[in-house]
Each structure stands twice: as structure tokens, then as C-alpha cells.
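S.K.: Quick one: this structure, given as C-alpha cells, is what I'll be asking you about.
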Protein chains: 2
Amino acid sequence: MSVLAKDNDFYSLHGIWGADAALALGRIGRGSGMVVGDVQPPRRGMAVGYKVGSSDPVFLPFIPNIRVGLGADAYQAEEASADAAAHPEVLPGGIALKFFGSTDIERRLSMSGESWTAGKMTLEVVSFFGSVPDPASASREILREKMCPAIYARVCFDNRESDEPMIGVFGMQGVRRPLSDTPALGLLGFAHRGEWGFAARPEEGVSEVMDWMSLAACFDPGRRVLRHLANEGCLKFNVPPRQKKEYLVALGAFRDGIVTQGLKTRAFQNTLFTDLDDILVHALKVASSRLAEAHRLDVELDSRSLSDDRKFLICHAAHSYNASTELLVDESGSPIFIVNEGEYQMMNTLDLTVDQVFHELYYSPWTVKNELDFFFSRSSYRDSIGLAFCHDQGVSDCFTPQGTSSYELPWLTGCFSFMSYEETLNWILCACLYTHNADDGSWLRAHMESFEDAVTSIISRDRNGDGVMDVDSDRCDGGAEITTYDSLDVSLGQARNNLYVAVKAWGALVSAAAVLQAKANDQKAMSLADKALSCASLIAKTVVSRVDPQQGYIPAVFEGGNTSKIIPAVEALVYPYFSGVPDAVHVDGPYGDLISALKKHLDVVLVPGVCLDPVSGGWKLSSTSRNTWPSKIFISQFVAEEILGMKDGRTTRDAAHVAWQCNGCADYAATDQLDSATGKDMGSRLYPRLVSSILWQHPPIQ
Amino acid sequence: MSVLAKDNDFYSLHGIWGADAALALGRIGRGSGMVVGDVQPPRRGMAVGYKVGSSDPVFLPFIPNIRVGLGADAYQAEEASADAAAHPEVLPGGIALKFFGSTDIERRLSMSGESWTAGKMTLEVVSFFGSVPDPASASREILREKMCPAIYARVCFDNRESDEPMIGVFGMQGVRRPLSDTPALGLLGFAHRGEWGFAARPEEGVSEVMDWMSLAACFDPGRRVLRHLANEGCLKFNVPPRQKKEYLVALGAFRDGIVTQGLKTRAFQNTLFTDLDDILVHALKVASSRLAEAHRLDVELDSRSLSDDRKFLICHAAHSYNASTELLVDESGSPIFIVNEGEYQMMNTLDLTVDQVFHELYYSPWTVKNELDFFFSRSSYRDSIGLAFCHDQGVSDCFTPQGTSSYELPWLTGCFSFMSYEETLNWILCACLYTHNADDGSWLRAHMESFEDAVTSIISRDRNGDGVMDVDSDRCDGGAEITTYDSLDVSLGQARNNLYVAVKAWGALVSAAAVLQAKANDQKAMSLADKALSCASLIAKTVVSRVDPQQGYIPAVFEGGNTSKIIPAVEALVYPYFSGVPDAVHVDGPYGDLISALKKHLDVVLVPGVCLDPVSGGWKLSSTSRNTWPSKIFISQFVAEEILGMKDGRTTRDAAHVAWQCNGCADYAATDQLDSATGKDMGSRLYPRLVSSILWQHPPIQ
């Protein structure tokens, strides 16, 4: 009921939906534990293991030999060092500490989390529970369950084969507060201030251990008291001989006070919970219902006829996506949904939104509406041509001023330049997908004016009448617009006369016309749809005219004699397909010439040494760059297989794509920019965008 | 108007009173900048320097070559590293970055702050403003001025000798929010989220620079825009040729939401300020009045006939003390004053309180009352003998449960055991000092019952009738009580039959009787005073009986044949002296035998190789340990000189004590446990307690 990881030594980021928090674990011998307000795995350890009778204790490899905070020596005028060994191999009392090695472990990923089985124990992390209801309509009780910023660890200790007692342990470094200090909670566990913590219900044989060397203390047969000055705490489980026991631990996160600057907001969960302790209590109270929900997700994924590699990528992506999600509430009480941009921490990067939209529409479509509205109200602007949208809305919980992004700068022609044209397409595309898949047209009708402005703005950015964008926003002030593929070479970098952007514009205009015709059936809408379709036809004609007559591919840029070959030429076919006009992307449909040309293009470029990496075998987005992006690969894989009907050995290169995440990018779950040959991370680490892989699981959102 | 530092390469911790925040700076080439919620200097840099015309820019040495956050390369798929060089020696554009060396710099400490003068610039930090009014009686406007959690940096650039323009810079790493993003503030500067920031008023020639390499950007003659993705920001000052300009920068800190656990409290300042921006605006608004206050402090210290060494220690101590102060407000609106214990982060450690009380009584006596009341209500308990007090009230903003501390543990005989007896003395002593120096007796009368319980409890802990404590609290559960000197050897470690503790008990009982007689003139008070005096006489007799007839010293412990010689035998004479009974500590007074014996004792031990370190020349608290504690030395120096009349070359070892702070303890301003021979830090780093040095400046609080 899950996917076996081929390799055990890579990070997972088990995000807590909406809480800007995660449990990071998985790199052997490296930091593990909770992280709040960021996505970087912590320099701390997590102790999950056991000891049977007088044998040596053995732990999962989540404990780097790092001391957190001061040791007892610092109080006793002995040599102290913040990096001193906290857990040497031999503990006081002569207890030798052992760790399971990679080959001792069976690691499995599931839609709802993952499990580590080794020796006589299993740790199961349950972090994803699927849909989150719209706060505009759900009751407070429902929200307290579905938005409870907590995940679970289920630890199972199997002592059935032993006549000796077993001691199981679940603990973390970085905690200073035993929950038993507040007896009214009725919890055992530990917390880091009011920010994060873990808790279990008191029951026979479960106790708290807090000590300078808490592992040694767990196995000390003598009397112990809690040492509040220590920086680590464990739950100790006494498992009697011949018994198997399972314990449930809730892991919660809380951020108090004003969380963002520029625009003042708090964590939305603060409207539902008074503090971390409230969250931990409630998480355990609603555990059975949430765990059942998680189980349903796992059954659903298992039921799909997908390769294990694809299932793996879907699960890994969903967990990391959650780590970047952040639900806020402004001073008027309105919720604001943010997806932070992984390691970059930019807030609601619109060219990520358009790729994450498939995942969001399936699980929590109201978040897409929230993004659309907030992008329009805060992060749109008008340049001399028309309405345009910003790249993002701020960085590191600091909103940038109205109508600006943290990323875009004038006077540039490469990275950090404006993406006005593509971001405007992205907003239109999100609006189309939302309207077709999750709305009765009321959103579109209510936003008709801005939707019309956006479509008109796109059409107006073609000056020579070929439909294709050929004028840069004056915000560039002498520079030139770029595309979301900002760190690739010019084949995908420049927006003007760019194949990828041209097809995306075509897709946006065709989709816009479709939703206008279907959901806003009035004169004005029909007129706008006609204009959009006219422009789309021009673009289609232009793109087809650019086919290289000898080789049959379409060059990446329609100027300067460019001959780069790119996969994302076909990416945008996904939008009409899911916006109610699948015929538009059919070779026998109204744009048959374009679709046939693109299919031929993909057929030509999808060969080793061009857009299949000759070393790894993985997809290479551009023939002229080794920097490749998994989230974008997943979309184009879907287009190739499901829309263009090209499912074969060239499209099912998933084993290579899994290997990239587990090897070269093992430090950075999940990574969205890497070297197609070596698999080594190149950027976009700890990233949310890989949830575009949901297309394999849930095509039927059309 | 300040003291020249003999050495430039040591940290100062410029605490912001009550804000649990500080500006750390001073170790050459090491991290500098703001720290909130802790006292450890940050791994970040601070840029203060200038460039004249086409010459190389030169900076104060506050910039370690550390990158904070991601660099531009991380967005461009180039090799990135969190520790990569952010400020290589040669900046883009071929600008060579230079730093002033130790010998180029004049560093001066003053009561209100410190200054760094080098080349054509001066940086002055103004961090201490003296008294803080009682929130129970002061108006909101007064509190907004006096408790404004902000300090100042005054930067002066002298370009009078040049015909070329000068560019001055003040900047910090770790900031992501330009204050100009919120135009309504009318500020220039930068902030780290809503937590800390620095701000100047907009004026001609002042601008913000935010860039991946902000120093290079400051000196770039081309156009620049703010790069919001960068992690550092500078204020850039254009100083015209032939002019000298001074700029004022406010540095503020803010902690939102619930700050403490166990007992829920917020920062008291949140009742006065809405956010960091409000603080920065107000800090600049009230700057002239606050700077005038700071100036008065400096004039006051300058006017004292004290050696520069002692002035240095007084200033250094006051700045670090402020860094550990934290004013909270509970859910009922009552303020709670906390002094955190430096690197240990314990909250209101009572054996620190009793040493810091002299400083607090002079500047803000209401904080002592607050500590007394909160200790009684939250951190007192009753063992089988009577009322007793806890060592502390929690750690790292986590209050421990009612009647417990984070430090004390059962079953021990050394470090981490209980200090029930000494902490009860400490509470009585603080009550006496507060009553005599800052109150009309109303506090004592209102707390008569608890005061009586405490005194009675002390008396009851002598079982053999010699007055001296000889029974351990049953909380020790088989262990033995210790003293505040927990990490010294047994000479000062064991509480039972301990010379230091015996004299401290004598001092507490004599002081208690004095304030009872003076301020609570009723039958019950007189009866208690009599009991206290009887016990004090017994103790005096016992101590005198322990004088070694040959050598004339008194052994540290009255059992086990102990022969250690300790300076703190005389420490407690300070209490009666400042509690209204200076006669009690006079050789011709009612306890003449005791005082004479102690004077003789000090005379005997204060010799090289015994309690004067033979290597450094500094004071060595115990003949049998090299671990010595400056805060305690200062008190005993005061007793020796002002009470026992022993001021001579043996007591004025201040040069050695200054050297300890500036050399061996340079990393940890200020340090209160160090090796008396080498001066190397051994514990109690970044510590508040050294403000006992105020005794040299303000004896007249009696």
C-alpha cells in the first residue's frame, strides 16, 4: 500500500498544509526534525529506536552527532562546544549506540506520508490528508479538524519474539518544554517554546525523558527526573515481552502574532486554535478521522495503474508542496493562501501557481480562486500596453508594495528581468482552469472586466500582426522580458518571439475563448472570445510557419537564427485540454496543423543527445542546456502521452527522474532544477512545483 | 568623556533594556548585528565605512566573510553555498575592500555606549539611557519614550579635508525589507521581518541600497534599484567635499504574540507600540531627549573619581546586563520583569538577582519589587522545614511549573542540586535592600507574613543550635544543598556548614532585623527582629570560633577538615551596610568580633598564590580553584575597600580584571566564570551579573 524507495538516503519534506512548517527527515546521519517558517532541514536530530533487554539500542539514522544548545558541561566550567558530540557511540553506562544502515531499512512512500521499517520497529509519518475545505463555507469544527496544523508519527515496536522488555523511543533535539509541565493538557511530549512540538496521550508504559543525554537517560534503569535545562526530550515506551505496541504521536506547529510585513497578516490557524498546546490536544482528538482520510488517499493512489516510479514522484512532490503552503488572514478577516517558493521563499510566484493549479484544483480549488483574486488586487499593474501581472507577491513573509514583485528588476535581459507577458498568460490560464473545473461561471462573470483586460493586454503585445508577443513591457526600461525558464539558456529565456511562450499564448487564448463561450454567455464575452480566437489562429499559423523544413522541429526562438530544440513547445497543450476544449489539441481538430507540427516537433527532439539526456536517459528540456526542470517535464510527459498519444519508451523515462531526486538532489526534497546528466541539484531546491505530477494521477479534472 | 579600551578586539553586547535584544559587535572580523530573543552574537555582518572619491572603501571590521541566505547565483543555477564569500576582498567593478585594523581604531566605552573612531569616521553606539519608570505610575507617553525598545547608532563622516565626494555606509546583513516599501513611515532603512531593523530619517543625500552585494552597489556610480531578494541592506550617505556630516540611525526590536510558555505573557512593549515600524518612527522622534539622558549618564560616570579600569568594567557590565532584560505582561495586564541568565537563558535566577539588585535599585527600583513579588507568588515553596525559594523561574522563555525551577534536581550533591537555603536568604536580602533604599515600609508591611515565614524558615534550618544551616531541604531527597558557586570546588559548593553561606545568613538576619525595626514598627515585627538577631549572634559566634588559631583565616567549610581559603567569606557584609545598619559591619560595632575576624581572614587570604592569582594578579575567589567570578569579586572588592578599609595594591587589581574580559573572554561580553590564571572563559558567558560593579559608582544608595 505504498511505493518502495529504491534508495533510502534522501530527504523528505513532510509539509504541514497551510502552516509554513514541515517535518524534514531522510538523509542518513543528517539533521531531522521540525522546521517552522522555512523549508531548510534543521541541524538537529530525531531519535526513533528501541532497545530490547540488555542488547544494544538501535535507532533510525536521524541523529547527526550535533549538540543543540549548551551541554551540562557548560554549567560546570568544563570545556564546552556548541558542536560537541551529543550522542557519542558509547553512552554513559557503557551503552553502545547503533544505527540502522541503509540496507537494514525498508523505506516506502505513500500519498499520505512514508514509512521506515527496520529491525523490530516501524516509523510511519502521516502528513497529507487531501482536501482542505473552503474557510468561507466550512464550519469552525470542520476547519479545526481539516486545517489542524499537525501531522502524525505512528511508531510500532514489535517485541513478540522476546522474553525481555523492550524500550521504544521517539524524541527530538531542540525542545525545552515538557508538556507535562501543563498537567491540564493531559499530554506527554515536548515543545520548542510555543512554536512546534510533539505529543502523545498518556497511557500505561509511556513517559517523558528530558536530559542532557536523553538517550542514555531512556535506558538508565535508575531513577530519573526531567532536566529542564537540557535541549532534547524523548517519549519512552515500555513494551512488555511478547507484545507488539503501536503509539501515535502528533507533531504540531504554531506561529503567533503578525506573520507578514508589507501587508499585516496572521496565521489563519490562529483563528481556530489558541496555541500550540490546543493544536496538539486537538490533533490527537481528531486523529482517527484524519488518519482514515489519509488512508483513503493511499488507497486511491494504489488503485491507479501507474508505475511505481510515477507514484513515487507524485508522493514526494505532494509532501514538499505542503511544506511551502501558508494560510494567512488579513486584518479584515479574509484568508490569504500563499505558496512559498521553496528555498527562494518568494510568495505566490505566479509561474509556479500555473503549474501547481492542477494539484490545487483537485484538492482545494478555493485556494486557486484565492490566488486569482489576491493576484489581481495586489500584484497586477498597468504598463503602457495594458494589464499585466507580477512574478510574485514578496519574499520571506515580506509582501512587496502594491503592484510590484520581489524578483523583477528593470534594465536586464536575463535572470531577474520582468515576466509581464508570461505572468499575464498564467493568470488567464489559472482563471480558465478554475472556471472550467471548479466554478459555475460566477467567478468569471464577476471578474469579466479584469479578465477582458488581461486577454486584450496579451493580444496587444503583438505589434507585427503575427499573434506572437514582440514588444517588451516598458517596466523593463530598456531591458527585455524573460520567461519562467529564467536560468536556462536563451532557448527558453527570452519571451519575445519565443516558441514556448507563443504556444502558451495560443493555449491561453483558446482556453479563454472556451470558458467565455461556456460560462459567460453574453455579447461582450462572445466578442472577446472571437478576438482571442483570431489571435490564437495567427499564433498557430506563425508557429507552423517556423517548422524547419528539413528536420521538422520548430526552433526555440523565432529570431537570430536560433536552432535550439525544446520540449516545452508542447507544454501549453495541457491548458485547452483541461479548459473544456480537448478538440483544440487534437490532430484532427480545428488547430490540426499546429498540433501535428508540435507532435512532429516532439518526435524529432525526443531523441538521445537532443532532448533525452545521453547519460541519464532523463528528459532534457532544451537541447542547448543541461539544466532541466522535473515539474515541467511532468507536464510535457502528460501532453506527449495523453494528448499527443506518444506513450512509449521515450516518454517513460521515470526511473531516471526518480534517481535524480534520490541521488543528486537527495539533500533537497524536492528539487526542480538539476543537471540532466549528473542529476545534481542546480537550483529550485525544497520546491513545491513538482505537484504537476498529479496530472498522471488525476487527469479526469477536465 | 569615556574610557579608552586598551584592546579593541572584544565583543560588546549593547542590550536594549527590557526587549530581550541586543546589538552585538566588537570582535574583529566576526559576526555583528542585532540579536532578538537570545544573547549569542549573530553569524552576520554589519557594514560601517566610507569611500572618498576614487580611493578604496574602508570599513570597520564588523563584516565576517559570510553569506547570509541565498546569493544571486542560487537563482541562476550556478554553484551556491550558504557559507560562500559575500564580500570578497575585491568587489565587482574592481573595488578593493579594506578594513581598519586594531591599531587604526580608537575604541572607547561610556556608560551609555561606546564609540569606534578610525580614519575619517566615528561610529557611536548609544544603548543605555538609565532609569526606566514604573509602568504602574508612569504615563503612556513617558513609557513610550523610556521603554522604547530601540537604541541608536550615530555615524559621523568627516570629509572636510577632501575635494572629492565621500560615500558613507551603514548596513546590515540579514534584512529583507526596505522601510521605503511602506512610504507612510517616512523612514529609510531595513528590517528583518517585523523583528528588528534600523532606520534613519530621509534627508538630502541619504538613500537605501539593497543588493546581492550591497557594498559594491553602494559604490556603483550607475543606476541601482532595490533588489528585494537580497539579504542585506545599507543606508548610503553622500557627504559632499569639504563637509562633515553626522547621521542618526535607530535600531529597534519587537517580539510579537505570546512570548513565554508555562505562563502566557507578551512583550510589555506591545502594550505601547503596534509593531517594529512604530518603534523605529518613535525612536527617531524622541531621540534628542533620550540622547540627552544618555549624555547625563556619561557625565555622571566621568565625574566619579574612579580608575579607568573600573569605569570600563562598569560600562561593559551595564551594556551586557541590558541584553538579558525582558519586560513581559501577563494576561491580566501585570508587568513581569525578567533578567535572563546570559548564555544559560534561565529566567530570573535568584542568586543573580541578589547581586544585580544594587544596579536595579539605583536605576529602576520597581523592578526589584516586581521580582520579589513574582518570586514569592510563582517560585516559592514549602518543604518540611518552611518557606523556601527556587533557583530560577524557567528557561528560554518557558516558565517552569509553580514552585519549581529549571535548574534544581533531587539526589545530587553538586551542580544542579537545590539551593533552597541560599535562595531564601537571597529573597530576604533583596526585600531588605528594597525596603531600606526604595520603599516607605509599605511593601514590607503588606508582605509581613511571607517575610516572617522566610526568616523563620532560615532560623529553622539550624538544628544543632550554632545558628549555621546544617539540614538540607527534603527536596534534595538524599542529596545535599549547594550554593550559587555551583561550579567551584567544595570550598564554595556545599551549603551546609559553609563559611560563605553562614556569613550571608548572618547578613540577612541582621538586615532583616534592621528593616523590621525601622519600617514595620509593630509587636510582631519586633518579635521577629529579636529572633533574627539571636540567630545572627549565634552565627557570628560560630564563625569566630572557626578561626584557625595559627594562620588567622577561617576555613571554607566547617567540617571534614577543610582548609580552603575563600574571599566570599566577606561578601555578605555588603547587605547590612546597605540595609540601614552600617554599624553592624564596623569593627567597633555590635559584631566587632565577627568583623575583625573576617577582616583578618581577608588580610590572610589576599596574598599571591592563595586568593591572588600568581600569574594574572587578579582575584581568585577560592584558594583551591582557578575558576573565579568577576561579579562576585566586585562585591568583595567593595567590602574590602569601603567596609573593611583595606584599599591598597591588593584590592586594586582591576587591570587584570579588565584584561580577562578583553582577552580570554573577548568572545563573550561579559563573562562571569573564568580561569584566574589565563583569563579564559569557563562559563557564565554573555552574562548580566557583572553590574555588581555599580557599587563602585553609586555607594550612596544606602
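All residue names refer to the C-alpha cells as shown: chains lettered A, B, ... in order, residues numbered from 1 in each chain, ligands numbered from 1 in order.
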List the spatial neighbours of Ser487 of chain B as a ChimeraX atom specification - criterion: any atom at most 12 Å away, only C-alpha atoms, same-chain residues fewer than 4 positions off excluded.
M.R.: /A:72-78 /B:413-417,482-483,491-494,622,625-629,672-674,682-684
S.K.: Keeping only N, CA, C and O atoms, take the residues you just selected and write them out as a compact mmCIF listing (two decimals), in the first residue's frame.
M.R.:
# COMPACT_ATOMS: atom_id res chain seq x y z
N ALA A 72 25.55 19.94 29.68
CA ALA A 72 25.70 20.08 31.13
C ALA A 72 27.07 20.66 31.47
O ALA A 72 27.23 21.38 32.45
N ASP A 73 28.06 20.35 30.64
CA ASP A 73 29.42 20.83 30.90
C ASP A 73 29.50 22.36 30.96
O ASP A 73 30.30 22.92 31.70
N ALA A 74 28.66 23.03 30.19
CA ALA A 74 28.72 24.49 30.15
C ALA A 74 28.36 25.11 31.50
O ALA A 74 28.74 26.24 31.79
N TYR A 75 27.65 24.35 32.33
CA TYR A 75 27.25 24.85 33.65
C TYR A 75 28.29 24.46 34.69
O TYR A 75 28.18 24.87 35.83
N GLN A 76 29.21 23.65 34.29
CA GLN A 76 30.14 23.10 35.27
C GLN A 76 31.59 23.49 34.96
O GLN A 76 32.51 22.84 35.40
N ALA A 77 31.72 24.55 34.15
CA ALA A 77 33.03 25.11 33.87
C ALA A 77 33.98 24.09 33.27
O ALA A 77 35.16 24.10 33.50
N GLU A 78 33.39 23.17 32.48
CA GLU A 78 34.23 22.27 31.70
C GLU A 78 34.23 22.76 30.27
O GLU A 78 33.44 23.59 29.88
N THR B 413 24.61 16.05 44.94
CA THR B 413 25.38 16.77 45.96
C THR B 413 26.22 17.87 45.33
O THR B 413 26.93 18.59 46.03
N GLY B 414 26.17 18.00 44.01
CA GLY B 414 26.95 19.05 43.34
C GLY B 414 26.05 19.87 42.45
O GLY B 414 24.88 20.10 42.76
N CYS B 415 26.63 20.32 41.33
CA CYS B 415 25.90 21.15 40.37
C CYS B 415 24.51 20.58 40.08
O CYS B 415 24.35 19.37 39.97
N PHE B 416 23.53 21.44 39.98
CA PHE B 416 22.12 21.12 39.71
C PHE B 416 21.35 20.62 40.93
O PHE B 416 20.20 20.22 40.82
N SER B 417 21.99 20.63 42.12
CA SER B 417 21.21 20.32 43.32
C SER B 417 20.41 21.56 43.73
O SER B 417 20.47 22.61 43.08
N ILE B 482 23.42 23.03 47.59
CA ILE B 482 24.65 23.68 47.14
C ILE B 482 24.47 25.19 47.24
O ILE B 482 23.42 25.67 47.67
N THR B 483 25.50 25.93 46.84
CA THR B 483 25.41 27.40 46.85
C THR B 483 25.46 27.90 45.42
O THR B 483 25.63 27.13 44.47
N SER B 491 34.83 24.06 48.42
CA SER B 491 35.02 25.20 49.31
C SER B 491 33.84 26.17 49.24
O SER B 491 33.50 26.84 50.20
N LEU B 492 33.23 26.25 48.07
CA LEU B 492 32.08 27.14 47.93
C LEU B 492 30.85 26.39 47.44
O LEU B 492 29.80 26.98 47.23
N GLY B 493 30.98 25.09 47.26
CA GLY B 493 29.88 24.34 46.66
C GLY B 493 28.82 23.89 47.65
O GLY B 493 27.62 24.06 47.43
N GLN B 494 29.26 23.33 48.74
CA GLN B 494 28.30 22.76 49.72
C GLN B 494 27.69 23.86 50.58
O GLN B 494 28.39 24.74 51.07
N SER B 622 38.65 31.36 45.46
CA SER B 622 38.98 30.26 46.37
C SER B 622 40.42 29.85 46.17
O SER B 622 40.90 29.78 45.03
N SER B 625 40.61 26.66 43.81
CA SER B 625 40.03 26.59 42.46
C SER B 625 40.54 27.76 41.64
O SER B 625 40.69 28.87 42.15
N ARG B 626 40.77 27.54 40.35
CA ARG B 626 41.15 28.64 39.47
C ARG B 626 39.94 29.26 38.79
O ARG B 626 40.05 30.25 38.07
N ASN B 627 38.78 28.69 39.03
CA ASN B 627 37.54 29.25 38.48
C ASN B 627 37.13 30.44 39.35
O ASN B 627 36.82 30.29 40.53
N THR B 628 37.17 31.63 38.77
CA THR B 628 36.83 32.83 39.56
C THR B 628 35.75 33.64 38.86
O THR B 628 35.59 33.55 37.64
N TRP B 629 35.00 34.44 39.64
CA TRP B 629 33.79 35.06 39.13
C TRP B 629 33.83 36.58 39.34
O TRP B 629 33.66 37.08 40.46
N ASP B 672 31.41 35.73 33.40
CA ASP B 672 31.42 35.71 34.86
C ASP B 672 31.99 34.43 35.46
O ASP B 672 31.84 34.20 36.65
N GLN B 673 32.58 33.59 34.63
CA GLN B 673 33.32 32.44 35.16
C GLN B 673 34.53 32.28 34.28
O GLN B 673 34.39 32.02 33.08
N LEU B 674 35.70 32.38 34.85
CA LEU B 674 36.90 32.29 34.03
C LEU B 674 38.06 31.76 34.85
O LEU B 674 37.99 31.68 36.07
N MET B 682 35.16 30.21 31.32
CA MET B 682 34.85 28.84 31.76
C MET B 682 33.33 28.61 31.87
O MET B 682 32.89 27.50 32.11
N GLY B 683 32.57 29.67 31.74
CA GLY B 683 31.12 29.54 31.89
C GLY B 683 30.52 30.92 32.09
O GLY B 683 31.23 31.93 32.02
N SER B 684 29.21 30.97 32.31
CA SER B 684 28.52 32.23 32.58
C SER B 684 28.91 33.31 31.58
O SER B 684 29.32 34.41 31.94
S.K.: Identify every residue of chain A that has at least one atom within 9 Å of any atom of chain B, counting only C-alpha atoms, and report the result as a ChimeraX atom specification.
M.R.: /A:70,73-80,176-177,181-182,193-194,225-229,255-262,275,343-344,346,394-401,405-410,415-416,486-488,627,673-674,681-684
S.K.: Compile the contact shell of segment 204-211 of chain A as an MDAnalysis selection string: residues with an atom at most 7 Å away, counting only C-alpha atoms, same-chain residues fewer than 6 positions apart removed.
M.R.: chainID A and resid 188:189 217:218 226:228 230 232:238
S.K.: Taking 6 positions as the minimum chain separation for residues in the same chain, which residues sit within 7 Å of Met111 of chain A when counting only C-alpha atoms? Answer as a list in words.
M.R.: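 Result of the neighbour search: Leu297, Asp298, Leu301 and Cys315 of chain A.
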S.K.: Keeping N, CA, C and O atoms for every residue in the selection just given, could you write it to a file as a PDB file, in the first residue's frame?
M.R.:
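File written: part.pdb
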ATOM      1  N   LEU A 297      -6.535   8.365   0.760  1.00  0.00           N
ATOM      2  CA  LEU A 297      -5.607   8.879  -0.259  1.00  0.00           C
ATOM      3  C   LEU A 297      -4.668   7.786  -0.742  1.00  0.00           C
ATOM      4  O   LEU A 297      -4.374   7.684  -1.934  1.00  0.00           O
ATOM      5  N   ASP A 298      -4.188   7.002   0.209  1.00  0.00           N
ATOM      6  CA  ASP A 298      -3.246   5.943  -0.158  1.00  0.00           C
ATOM      7  C   ASP A 298      -3.926   4.889  -1.034  1.00  0.00           C
ATOM      8  O   ASP A 298      -3.370   4.434  -2.036  1.00  0.00           O
ATOM      9  N   LEU A 301      -4.341   6.250  -4.587  1.00  0.00           N
ATOM     10  CA  LEU A 301      -3.130   6.206  -5.423  1.00  0.00           C
ATOM     11  C   LEU A 301      -2.799   4.763  -5.805  1.00  0.00           C
ATOM     12  O   LEU A 301      -2.436   4.485  -6.948  1.00  0.00           O
ATOM     13  N   CYS A 315       4.032  11.244  -4.780  1.00  0.00           N
ATOM     14  CA  CYS A 315       4.045  11.340  -3.303  1.00  0.00           C
ATOM     15  C   CYS A 315       5.094  12.346  -2.822  1.00  0.00           C
ATOM     16  O   CYS A 315       4.808  13.223  -2.001  1.00  0.00           O
TER      17      CYS A 315
END
S.K.: What's the 8 Å shell around Val52 of chain A, counting only C-alpha atoms, without same-chain residues fewer than 2 positions away, as a PyMOL selection string?
M.R.: chain A and resi 50+54-57+159+162+164-167
S.K.: List the spatial neighbours of Asp453 of chain A as an NGL selection string - criterion: any atom at most 9 Å away, only C-alpha atoms, same-chain residues fewer than 5 positions off excluded.
M.R.: :A and (386-388 or 448 or 458)
